[in-house]
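Colleague: Below you will find the structure I want to go over with you.
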Amino acid sequence: MLPKLIYDLALILILASVVTFIFKRLKQPLVLGYIVAGFLSSPHMPYIPSVVDEEGIHVWSELGVIFLMFSLGLEFSFKKIFRSGPSALFISSLLMVCMILLGAAIGRFMGMSPINYIFLGGMLCISSSTIIYVAFNDLNIMNKRFVGKTVSVFIIEDILGVVLMALLGSMVGGKGGDAREILGIFVQMVFFLLLWFLVGIWLIPTLLRRFKSYFSSKETLLIMSVGLCFLMVVIGSKLGYNAAMGAFIMGSILAETLEAERIEETVSPLKDLFGAIFFVSVGMMVQPALLLEYLPMILILVVAVVLGKMVFGTLSFMLFGCSLPDAVRSSFSLVQIGEFSFIIAQMGVAAGVLEDYIYPVVVMVSVITTFITPYSIKFAVNLKFPAKIDKQEGTKENKVVDSPTLQAAWYGLLKNYAVQTIAYGTLAMAVIRFLFASLLEVTREIFGHWVGNAVCGVLVLALLSLFLRPIVMRKNNSQEAEMIKESGRRNMILFYALFVLRFAVGTAVIYYVVNILSPFNWMLHVGFSIAVMALMCYSKTVKRRSVVMEDMFLYNLRRREEVMAEPGQKLSYARKLSGRDLHVTQVALPSESSWAGQSLAQLHIGSRHGVNVTAVIRDHVRTNIPGGSMVIYPHDVLEVVGDDQGIDQMCARMNSELVDRDNRGTEGMMRIKRMEVAEQSTLQGMPIKKSGIRDHYRCMVIGVEKENGLLSVVGADYIINKGDVIWFAGEHADIMRLQQIMEDEK
């Protein structure tokens, strides 16, 4: 007998395919179709068969969230988020705070207890990244200018959402949740994010490159990528973080590898399948009876979410540099709550602090706002603004400085010092925590307490040297440093004071290790730490190994861009367009496009749409500033510069001018035809290579038939004679054209 889960999957997938077919014909977003299919297959719909094993469907829906977040990480790497600048962090933080206060105020007005209305505010503040991402894809607006900023904002919302869940968990656990604890949770979260990113970028691309031949097939690549995804999910959950966050982080790490596109293409079917099940499971939570009972509360919360995010979101985006049109389009994309709200609600129910009705009410609010989201996005995208307003007025164009000033030199140097200290400091603390947890007890058991401490300490300091030396010595002889040292005594004193401060940071880390492991006086520990730090700074072996390690990390981080771009032709110009109405995006040529085989000059993209093709990317090979004679093929990625209107027109034309294979019949199929050369034929007496069979008729000679009926393969120099029986190969239309001409010559 089949398990109930098999019946349930058959039911929901058949229903989803039928409903989404209807929604596709109605030109509605597929997400809504999945939710309707979930409602129809739920136990709350008595007129058709319903799902039996709801717990099993819930597990599959969790897989859907994981694959959706993994694909999101592959699409938007950490580097892309960092390039958006600190504004995305400020926008996310301000919007979340406003929504938490709004939700708490509504809950208090409805008579909820403090813990209930605080949880309610937390449920209303985080938008659903999966719903937004799928809606963007369904509406085919991923190339819009505002999408990049919106994606950065909702990804940071997810990261801050994990911090919020940890904070709420500490509150229900009786820990109080004071300012010190909030700071500790945030620091720990940042620590693990940086650690995963640094170790992942250093390790995973290196392994993929070393075992490239093993991962050449799609099968092994799929197994490897999904395995790494779930490994990070397990690690994240063991450390107390959301599973979806681990999937996203692994996706962002793999996004920096040369195999990113292949992985994304390979995982895409899994994402589509499990993502559909996730949205079906959301629709299954719709309860008509509950909808009627708590309808006023649900409507109030829906209005609060939609209007709150529209108003507060628009103000937040504008406050931190976005134009009014982009601010409206971004904020109208965030008008929903989703999976994080469910997780927060479940956490409150499990802790016994939430009223029973809050969880299903929040689910209903999520379902309704999910229905609203695609229409809200479509409305904002189609909303017309006056020409003077519909410009990128908030962000100033970046200026290119040929020779750095003293102020610019200080800024660059301090920025490098800060990045190095944070990155290497994170790795140093991870080494200390890991080795103390895994190695210290082992060495004590083998060598005894104090000798074991010494052995463990030597190993810890040996590894720490690779990270502490760069904190102190890196960039001391850079162009900025030399300029500062030569700019006057005051600046030179400040520079060396900064060096002493960095030396003290490294010494403090060593002192922390020594003070735990050594029984001697603290003054001896200080002197020993200073001596060890000085030895690390001037050791050529430590310098060589730390440089090799850093070069490997930077090579992995930059390799994908270097392969896709010629030296000196990076995408830095994309940021310089941020102060204009133009922006840079990439579009892939569909496999069925009739543009395939045509040159850029024949397509007239610039003259018809006002869009410039700045690069063509084919199989990781990038051609910058392609000429008009360059021919494009299916799956080529065109990097284009233009405004939203021009890019939309180009994409609409590209996606509409397709080859209708259903109506072509046998036109594109290869045919073989046997024909005899007549006495009056123009082919008589000509070598095959000059006959025009290949160039003019687009056919080729397979062979010449002998008297015994066998075919003889002939070369391009073969002279065609009258009476020769030649076998030709070519497409159906070309063969028929050649046959007609040869028959006319008889």
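We name chains A, B, ... following the order of the structure tokens; residues begin at 1 in each chain, and ligands are numbered from 1 as shown.
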Could you pull out the strand (DSSP E or B) residues of region 639-722 of chain A from DSSP and send them as a list in words?

Modeller: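 In region 639-722 of chain A, DSSP puts these residues in strand (DSSP E or B): Glu639, Val640, Val641, Gly642, Leu658, Met670, Arg671, Ile672, Lys673, Arg674, Met675, Glu676, Pro687, Met700, Val701, Ile702, Gly703, Val704, Glu705, Leu711, Ser712 and Ile719 of chain A.
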
Colleague: In Å to one decimal, how far is CA of Ile155 (chain A) from CA of Phe434 (chain A)?

Modeller: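 Distance reported for this atom pair: 28.8 Å.
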
Colleague: Near His635 (chain A), counting only C-alpha atoms, which residues have an atom at most 8 Å away, once you skip same-chain residues fewer than 6 positions from it, shown as a list in words?

Modeller: Ala588, Leu589, Pro590, Ser591 and Arg618 of chain A

Colleague: Only C-alpha atoms, please: the residues just picked out, written as a PDB file, in the first residue's frame.

Modeller:
ATOM      1  CA  ALA A 588      19.762  35.987 -21.454  1.00  0.00           C
ATOM      2  CA  LEU A 589      18.729  35.186 -25.009  1.00  0.00           C
ATOM      3  CA  PRO A 590      15.936  32.547 -24.945  1.00  0.00           C
ATOM      4  CA  SER A 591      16.675  29.201 -26.574  1.00  0.00           C
ATOM      5  CA  ARG A 618      29.073  33.224 -23.671  1.00  0.00           C
TER       6      ARG A 618
END

Colleague: Quick one: residues within 10 Å of Ala260 (chain A), only C-alpha atoms, excluding same-chain residues fewer than 4 positions away - as an MDAnalysis selection string?

Modeller: chainID A and resid 74:75 225 251:256 264:266 560

Colleague: Limited to C-alpha atoms, could you put the picked residues into a file as a PDB file, in the first residue's frame?

Modeller:
ATOM      1  CA  LEU A  74      23.152  31.991  -6.013  1.00  0.00           C
ATOM      2  CA  GLU A  75      21.484  34.962  -7.706  1.00  0.00           C
ATOM      3  CA  SER A 225      25.782  21.615  -4.443  1.00  0.00           C
ATOM      4  CA  GLY A 251      24.205  29.911  -2.107  1.00  0.00           C
ATOM      5  CA  SER A 252      26.030  33.233  -1.750  1.00  0.00           C
ATOM      6  CA  ILE A 253      29.350  31.397  -1.333  1.00  0.00           C
ATOM      7  CA  LEU A 254      28.784  29.244  -4.424  1.00  0.00           C
ATOM      8  CA  ALA A 255      27.750  32.400  -6.305  1.00  0.00           C
ATOM      9  CA  GLU A 256      31.416  33.445  -6.271  1.00  0.00           C
ATOM     10  CA  GLU A 264      21.764  27.504 -10.589  1.00  0.00           C
ATOM     11  CA  GLU A 265      20.574  25.796 -13.767  1.00  0.00           C
ATOM     12  CA  THR A 266      20.966  22.334 -12.224  1.00  0.00           C
ATOM     13  CA  ARG A 560      34.673  34.799 -11.548  1.00  0.00           C
TER      14      ARG A 560
END

Colleague: Taking the DSSP secondary structure from the backbone, can you list the residues of region 199-446 of chain A that are alpha helix (DSSP H), as a count of residues only?

Modeller: 188

Colleague: Rounded to one decimal in Å, what is the spacing between CA of Val611 (chain A) and CA of Ser599 (chain A)?

Modeller: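 Atom-to-atom, CA of Val611 (chain A) to CA of Ser599 (chain A), that is 15.4 Å.
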